[in-house]
Structure formats: structure tokens, C-alpha cells
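K.L.:
Would you mind keeping the following structure in view while I ask a few things?
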Amino acid sequence: MSPEEFRAAAHEAVDWIADYLRDARQYPVLPRIQPGHLVDCLPKTGPLRGEPIEAILGDFRELIVPATTHWNHPRFLAYFANSASGPGILGEMLCAALNSNHMLWKTGPAAAELEQVALGWLRQWLGLPDQFFGMIHDTASTATMHAVMAAREAAAPQIRIAGEYPPLVLYASEHANFSVDRAALVAGIGLNHIRHIAIDDEFRMIPKALETAIESDLAAGKRPFCVVPTLGTTSSASLDPLPAIVAIARRYRLWLHIDAAYAGPAALLDEYKGILDGAEAADSLVVNPHKWLFTPMDLSILYTRRPEVFRRALSLEETPAYIAAAGGERAVNFSEYALSLGRRFRALKLWFVLRYYGREGIEKILREHIRIAHDLAAWICEDPDFELAAPVMFSLVCFRLRGTDEQNRELLDRVNATGEAFLSGTMLHGRFVLRVAIGNIGTTAPDVEHVWGLVKKEARGRLPV
Ligand code: PLP
């Protein structure tokens with residue numbers, strides 16, 4: 001593709017993107033298609049001869065977009081949102097153009113250093129200690145997998161050489177994200193050695209139950225090694241009681257990994273700073289700018305007080321000559337701390353977002369999301385046909401129709417089938433509830449008002465008699 005051909009096509013693509021950002025609400029949030037639809041629409045074999053870019057862009061508009069679930073739609077309220085904000089998209093475009101790969105400092109000095117700078121800014125904004133080292137992963141699942149691997153290394157360093165395991169045990173609440181279990185699975189901990197600690201009425205880990213589980217494992221000759229509290233659980237955004245869990249982790253010398261994937265950014269706000277009280281004692285912590293920090297997929301940050309453990313866990317007896325790190329003290333070679341050798345220049349889009357909105361701008365949006373969530377909660381409480389299913393901690397609202405699980409599932413399907421909004425469901429206290437997760441940068445109070453109207457309309461005539 002010649003630079004001139006690229007320029008013309010890129011202008012067309014950028015025009016499309018700008019229209020898409022402006023007109024996102026005109027798309028159905030969920031595509032009205034059946035599985036296999038796109039596969040059936042596209043040729044069974046790849047083209048022998050190259051095709052004009054106009055044809056490819058045309059098919060993008062005509063075939064790909066209609067088969068897309070629009071995460072960037074302001075009424076995408078199903079899973080924790082993510083936003084392709086304007087500055088984030090620009091950072092992503094330029095990242096693709098530079099195609100930098102900072103497996104070593106010398107292979108991508110700008111990417112390696114901007115990762116330190118942008119993550120350092122965010123670390124300060126979150127009030128985390130200066131000595132926390134940050135690294136970018138694609139997702140919280142990958143970040144947590146690395147944290148569990150480091151926890152394993154810290155508890156049983158002989159594993160690296162001998163591959164032999166003592167019976168290590170990991171603890172997380174019943175409401176921890178399933179990525180924690182999968183991280184333990186990959187680290188070879190074994191499903192039998194993951195303890196799901198009981199929760200209280202507000203879906204928070206019960207510290208006493210944690211302590212009892214640890215004592216019982218010790219009595220059985222097992223080796224407690226890691227605890228993963230969550231700040232902002234997936235189902236209800238509940239907060240595990242961090243200070244009490246920190247004290248237990250200290251007493252039993254457990255690696256403390258905090259999952260703040262969704263709610264972490266709230267700690268930017270003075271009124272939510274306290275959620276990270278105790279986090280300074282963490283061995284590691286994950287927060288996802290690709291959830292509630294307006295940075296496009298994918299960008300998850302792992303902060304750790306103990307980067308050397310990650311490096312040790314992944315070190316070989318002999319590093320191949322072709323990848324030998326060099327560059328001196330100030331050269332950070334990120335591939336030493338993570339499994340993947342190649343690394344995208346993800347920090348660029350985060351840096352664009354942090355600079356464009358600034359701390360104040362981001363705080364304003366977060367506060368507005370929290371305010372809208374509380375408005376919705378108030379409307380739910382005022383309506384005799386509905387009930388709130390969990391305290392509203394941040395920007396997630398869980399509620400249900402005062403009826404059966406079946407009626408609530410049906411209500412969810414009906415709302416989603418309108419294409420005007422996408423909500424999700426979960427189980428809380430054994431009952432099916434609806435989730436409205438506010439967090440997309442474009443979501444406004446009228447959007448949520450509209451969705452509440454839709455829920456009431458679709459519920460009409462289906463209420464228990
Ligand atoms: N932790 C929590 C609390 C989550 O809610 C999620 C996903 O929603 C994850 C971890 C996994 O995030 P990712 O998709 O980045 O792996």
C-alpha cells in the first residue's frame with residue numbers, strides 16, 4: 001500500500017470512526033444475528049489476488065459492523081464497561097503505526113519508558129506507594145496469573161528447578177472473579193487447593209472465615225500461600241475488608257494480591273480514597289484502565305512491591321544470547337517480568353487518555369457515573385414492583401423484579417432484545433438479579449433514565465399477581 005493510498009483510506013476510516021463516536025446510539029447494542037451468520041456471509045477461502053481497500057472497507061461497514069456487539073454504545077451496561085475514548089483511539093492508531101516492541105529497553109526505549117511514566121502517574125493518583133513497580137498486561141486475568149505465579153515462587157522457590165509442589169493453598173471469596181481460580185489452575189495449584197471463603201450479607205469476604213480456613217489447612221499439613229481480596233466484585237461491586245485481610249496475610253505470611261480491576265480507579269476520588277487503605281501492604285494489585293478509565297481494550301496494570309520475584313520466577317538457568325538484556329541500571333527490560341516476550345506499546349493510549357482528560361476530567365466522569373447509578377437505585381427503591389439486590393458501592397446497580405427468577409430472566413431477555421440497551425444478570429443470595437454497569441464514557445443520565453423506562457415497560461403485564 002503506497003503512502004498516498006494509505007492516506008486516502010485512512011481519512012475515510014477516520015471519518016467513519018468520528019461518525020461512529022457521534023452516532024453510537026443509532027446502532028442496536030446487540031446485533032440481531034444468529035451464531036454462524038458472519039461465517040456464512042464470508043468466502044470460504046482467502047482471496048488469491050489482492051482486493052481494493054474500498055471493497056474491504058465496504059465489507060467492514062456492511063458485514064462486520066452489523067455483526068458487532070457495541071461495547072462503545074452508551075447503553076452497553078452489561079459487563080463492566082470499556083470505552084474507546086477519542087484520545088484512546090488515537091493512541092491505539094499511533095501504536096499500530098509505530099509497531100514498537102519493547103521486549104527489551106533497546107528494542108523500544110520510548111515504549112519502555114512511557115510505560116514507567118504513565119503507570120507512575122496513575123500510581124500517584126491512586127495513592128499507592130512510590131516503590132510499587134508497574135507493568136502492563138492485556139487483561140486482569142493475565143495479570144492475576146502472573147501474580148499467582150510470583151506468589152508460588154515466593155512460597156516455594158524450589159518449584160522452579162525441581163517442578164515439585166508442596167500442597168499450596170490459595171484463598172479468595174466466593175465472589176472473586178473466576179480469573180483468580182483460573183490463575184491458580186494455570187499455576188498448577190489445583191482446584192482442590194482453592195478455598196472460596198464465605199461472604200457476609202453485603203457480599204464481602206468474612207475475615208474470620210478466612211482465618212478458620214487457613215488454620216484448618218495448616219492443621220491438615222497444607223501450605224497457605226496467597227490470598228486475593230477483591231475491591232469491586234464482578235457480581236455486586238462489593239469490597240472485601242482489606243485492613244482485616246492485610247492483617248491475616250501478614251500473620252500467616254501470605255502473598256496479598258488485590259483485584260481492583262473494576263473499582264480501582266474510584267480511588268482517584270477523595271471520597272473513595274479509603275478503599276485502598278491497606279493496599280500499601282499488598283504484594284501485588286491489578287487495576288484495569290480498559291474498564292473504568294476510558295482506555296480502549298486492552299490494558300490492565302499489575303503493580304507490585306516485589307518485581308524481583310516476578311523476574312526470578314521467569315528466569316532460566318541460562319538466558320539465550322539473542323535476548324540477553326543490557327542497557328544499564330535505568331533500562332527496564334519488561335519481558336523479564338512477564339511471560340510474553342513481545343509487548344505492544346499499550347502505554348501510548350493510556351498516556352493520551354491521562355493527558356487529554358487530566359485527573360480532574362477523569363474524576364468528573366467517574367463522579368457522574370456514580371451519581372447516575374445512585375439516581376437509578378433511588379428510582380428502583382421508590383417502585384413497589386422492584387427491589388435493590390445489593391448496596392450501590394460505585395457505578396453498578398443490581399436489582400430485581402419482585403417475582404421469580406424465571407420472570408427476571410425473561411425481563412432481561414426482553415430488554416436486551418429491543419437492541420436499545422444491553423444489561424446482564426447474576427446470582428446474588430441465590431436469586432437471579434439484573435445488573436446495570438455504568439462506565440462507558442458516553443453514558444449519560446438520560447441514557448440510564450431511558451433504560452429504566454424500558455425495564456418498566458417490558459416488565460408491565462409480567463408482574464406477579
Ligand atoms: N476481576 C474482576 C473483579 C472483574 O470484574 C473482571 C472482569 O470483569 C476481571 C477480574 C477479569 O478482567 P479481564 O477481562 O481484564 O481479564
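By order in the C-alpha cells, chains are A, B, ...; within a chain, residues start at 1; ligands start at 1, following the order shown.
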Throw together the list of residues within 8 Å of ligand 1, counting only C-alpha atoms and all ligand atoms, and drop it here as a VMD selection string.
P.N.:
chain A and resid 79 to 80 138 to 143 176 to 180 230 to 235 237 259 to 263 288 290 to 291 298 to 300
K.L.:
Could you pull the residues within 10 Å of A:Arg25, counting only C-alpha atoms, minus those fewer than 3 positions along the same chain, as an MDAnalysis selection string?
P.N.:
chainID A and resid 20:22 28:29 70 72:76 420:421 442 447
K.L.:
Mind writing the picked residues with N, CA, C and O atoms as an mmCIF file, in the first residue's frame?
P.N.:
data_model
loop_
_atom_site.group_PDB
_atom_site.id
_atom_site.type_symbol
_atom_site.label_atom_id
_atom_site.label_comp_id
_atom_site.auth_asym_id
_atom_site.auth_seq_id
_atom_site.Cartn_x
_atom_site.Cartn_y
_atom_site.Cartn_z
ATOM 1 N N TYR A 20 -19.001 7.254 13.934
ATOM 2 C CA TYR A 20 -19.387 6.166 14.844
ATOM 3 C C TYR A 20 -19.441 6.686 16.280
ATOM 4 O O TYR A 20 -20.385 6.393 17.027
ATOM 5 N N LEU A 21 -18.447 7.471 16.655
ATOM 6 C CA LEU A 21 -18.429 8.010 18.023
ATOM 7 C C LEU A 21 -19.616 8.955 18.225
ATOM 8 O O LEU A 21 -20.258 8.961 19.277
ATOM 9 N N ARG A 22 -19.944 9.737 17.178
ATOM 10 C CA ARG A 22 -21.054 10.691 17.295
ATOM 11 C C ARG A 22 -22.410 9.981 17.324
ATOM 12 O O ARG A 22 -23.294 10.352 18.086
ATOM 13 N N PRO A 28 -28.076 -0.915 17.152
ATOM 14 C CA PRO A 28 -28.570 -1.803 18.219
ATOM 15 C C PRO A 28 -27.366 -2.263 19.039
ATOM 16 O O PRO A 28 -26.329 -2.592 18.460
ATOM 17 N N VAL A 29 -27.484 -2.244 20.363
ATOM 18 C CA VAL A 29 -26.306 -2.604 21.168
ATOM 19 C C VAL A 29 -25.886 -4.037 20.867
ATOM 20 O O VAL A 29 -24.710 -4.333 20.680
ATOM 21 N N HIS A 70 -21.905 -3.708 20.448
ATOM 22 C CA HIS A 70 -21.247 -2.400 20.545
ATOM 23 C C HIS A 70 -20.894 -2.030 21.986
ATOM 24 O O HIS A 70 -21.672 -1.398 22.681
ATOM 25 N N ASN A 72 -18.953 0.109 22.750
ATOM 26 C CA ASN A 72 -18.785 1.564 22.854
ATOM 27 C C ASN A 72 -20.131 2.291 22.816
ATOM 28 O O ASN A 72 -20.161 3.517 22.719
ATOM 29 N N HIS A 73 -21.219 1.547 22.878
ATOM 30 C CA HIS A 73 -22.556 2.157 22.897
ATOM 31 C C HIS A 73 -22.828 2.665 24.322
ATOM 32 O O HIS A 73 -22.582 1.953 25.290
ATOM 33 N N PRO A 74 -23.329 3.889 24.451
ATOM 34 C CA PRO A 74 -23.572 4.433 25.806
ATOM 35 C C PRO A 74 -24.587 3.628 26.620
ATOM 36 O O PRO A 74 -24.651 3.780 27.825
ATOM 37 N N ARG A 75 -25.366 2.780 25.942
ATOM 38 C CA ARG A 75 -26.293 1.938 26.719
ATOM 39 C C ARG A 75 -25.834 0.480 26.739
ATOM 40 O O ARG A 75 -26.632 -0.411 26.983
ATOM 41 N N PHE A 76 -24.545 0.273 26.544
ATOM 42 C CA PHE A 76 -23.934 -1.025 26.849
ATOM 43 C C PHE A 76 -23.699 -1.005 28.360
ATOM 44 O O PHE A 76 -22.798 -0.326 28.859
ATOM 45 N N GLU A 420 -31.985 -1.630 22.371
ATOM 46 C CA GLU A 420 -31.754 -0.270 22.892
ATOM 47 C C GLU A 420 -30.808 -0.250 24.076
ATOM 48 O O GLU A 420 -30.323 0.817 24.478
ATOM 49 N N ALA A 421 -30.604 -1.397 24.680
ATOM 50 C CA ALA A 421 -29.699 -1.478 25.825
ATOM 51 C C ALA A 421 -29.225 -2.910 25.957
ATOM 52 O O ALA A 421 -29.838 -3.831 25.404
ATOM 53 N N GLY A 442 -19.473 7.537 27.259
ATOM 54 C CA GLY A 442 -20.579 8.263 26.631
ATOM 55 C C GLY A 442 -21.893 8.158 27.392
ATOM 56 O O GLY A 442 -22.875 8.815 27.030
ATOM 57 N N ASP A 447 -29.549 8.448 29.231
ATOM 58 C CA ASP A 447 -29.427 7.054 28.785
ATOM 59 C C ASP A 447 -29.975 6.114 29.853
ATOM 60 O O ASP A 447 -30.718 5.179 29.558
#
K.L.:
Which residues, written as a PyMOL selection string, have at least one atom at most 12 Å from A:Leu218, with only C-alpha atoms counted and residues fewer than 6 positions away on the same chain left out?
P.N.:
chain A and resi 167-169+211-212+224-225+252
K.L.:
Taking N, CA and C atoms for each residue, export the selection above as a JSON list (two decimals), in the first residue's frame.
P.N.:
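New file out.json:
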[["chain", "number", "residue", "atom", "x", "y", "z"],
["A", 167, "PRO", "N", 1.79, -28.78, 48.99],
["A", 167, "PRO", "CA", 0.35, -28.54, 48.79],
["A", 167, "PRO", "C", -0.02, -27.10, 49.10],
["A", 168, "LEU", "N", 0.22, -26.21, 48.14],
["A", 168, "LEU", "CA", -0.04, -24.78, 48.33],
["A", 168, "LEU", "C", -1.55, -24.52, 48.25],
["A", 169, "VAL", "N", -2.03, -23.56, 49.08],
["A", 169, "VAL", "CA", -3.47, -23.27, 49.07],
["A", 169, "VAL", "C", -3.69, -21.77, 48.88],
["A", 211, "GLU", "N", -9.65, -16.92, 58.27],
["A", 211, "GLU", "CA", -8.71, -17.40, 59.28],
["A", 211, "GLU", "C", -8.98, -18.87, 59.62],
["A", 212, "THR", "N", -10.26, -19.20, 59.74],
["A", 212, "THR", "CA", -10.62, -20.58, 60.07],
["A", 212, "THR", "C", -10.14, -21.53, 58.96],
["A", 224, "PRO", "N", -0.77, -22.67, 53.18],
["A", 224, "PRO", "CA", -1.43, -21.44, 52.70],
["A", 224, "PRO", "C", -0.37, -20.51, 52.11],
["A", 225, "PHE", "N", -0.62, -19.95, 50.89],
["A", 225, "PHE", "CA", 0.44, -19.12, 50.30],
["A", 225, "PHE", "C", -0.06, -17.82, 49.70],
["A", 252, "TYR", "N", 0.03, -14.84, 58.59],
["A", 252, "TYR", "CA", 0.31, -16.16, 58.03],
["A", 252, "TYR", "C", 1.29, -16.11, 56.86]]
K.L.:
Excluding same-chain residues fewer than 3 positions from A:His196, what lies within 9 Å of it counting only C-alpha atoms, as a list in words?
P.N.:
Leu170, Tyr171, Ala172, Ser173, Glu174, His175, Ala176 and Leu210 of chain A
K.L.:
At a cut-off of 12 Å, using only C-alpha atoms, what residues contact A:Ala267? Leave out same-chain residues fewer than 2 positions from it and give the result as a PyMOL selection string.
P.N.:
chain A and resi 122-128+231-232+260-265+269-277+279+287+292-293+359+362-363+366-367+394
K.L.:
Which one is closest to A:Thr69: A:Ala118, A:Ile33, A:Val436, A:Ala18? Count only C-alpha atoms.
P.N.:
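Closest to A:Thr69 of all the choices is A:Ile33.
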K.L.:
Could you name the residues that touch A:Phe6 at 12 Å or less, counting only C-alpha atoms, but leaving out those on the same chain fewer than 4 positions away, as a VMD selection string?
P.N.:
chain A and resid 1 to 2 10 to 14 52 to 54 97
K.L.:
Identify, on the basis of only C-alpha atoms, every residue whose closest approach to A:Thr426 does not exceed 9 Å; exclude the query and any residue fewer than 2 positions from it along the same chain; express the result as an MDAnalysis selection string.
P.N.:
chainID A and resid 235:236 398 424 428 431:435
K.L.:
Would you return as a PyMOL selection string the members of stretch 238-459 of chain A that DSSP assigns to alpha helix (DSSP H) on this structure's backbone?
P.N.:
chain A and resi 242-252+289-292+307-313+347-382+405-417+445-459
K.L.:
Check the DSSP output for the backbone and give back, as a PyMOL selection string, the residues of stretch 46-208 of chain A in strand (DSSP E).
P.N.:
chain A and resi 133-137+168-173+194-197
K.L.:
Taking only C-alpha atoms into account, which of A:Ser83, A:Thr45, A:Thr107, A:Asn99 comes nearest A:Ala326?
P.N.:
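Nearest candidate to A:Ala326 out of A:Ser83, A:Thr45, A:Thr107, A:Asn99: A:Thr107.
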K.L.:
Would you work out the distance separating atom CA of A:Glu5 from atom CA of A:Trp351, expressed in Å to one decimal?
P.N.:
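Rounded to one decimal, the two atoms are 29.5 Å apart.
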K.L.:
What is the distance between atom CA of A:Ala78 and atom CA of A:Gly425, in Å to one decimal?
P.N.:
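Those two atoms sit 7.9 Å apart.
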K.L.:
Nearest to A:Gly163: which of A:Ala187, A:Ala338, A:Ile245, A:Ile136 is it, counting only C-alpha atoms?
P.N.:
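So, comparing all the options, the nearest one is A:Ala187.
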K.L.:
Interatomic distance between atom CA of A:Leu314 and atom CA of A:Trp121?
P.N.:
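Value for the atom CA of A:Leu314-atom CA of A:Trp121 distance: 27.2 Å.
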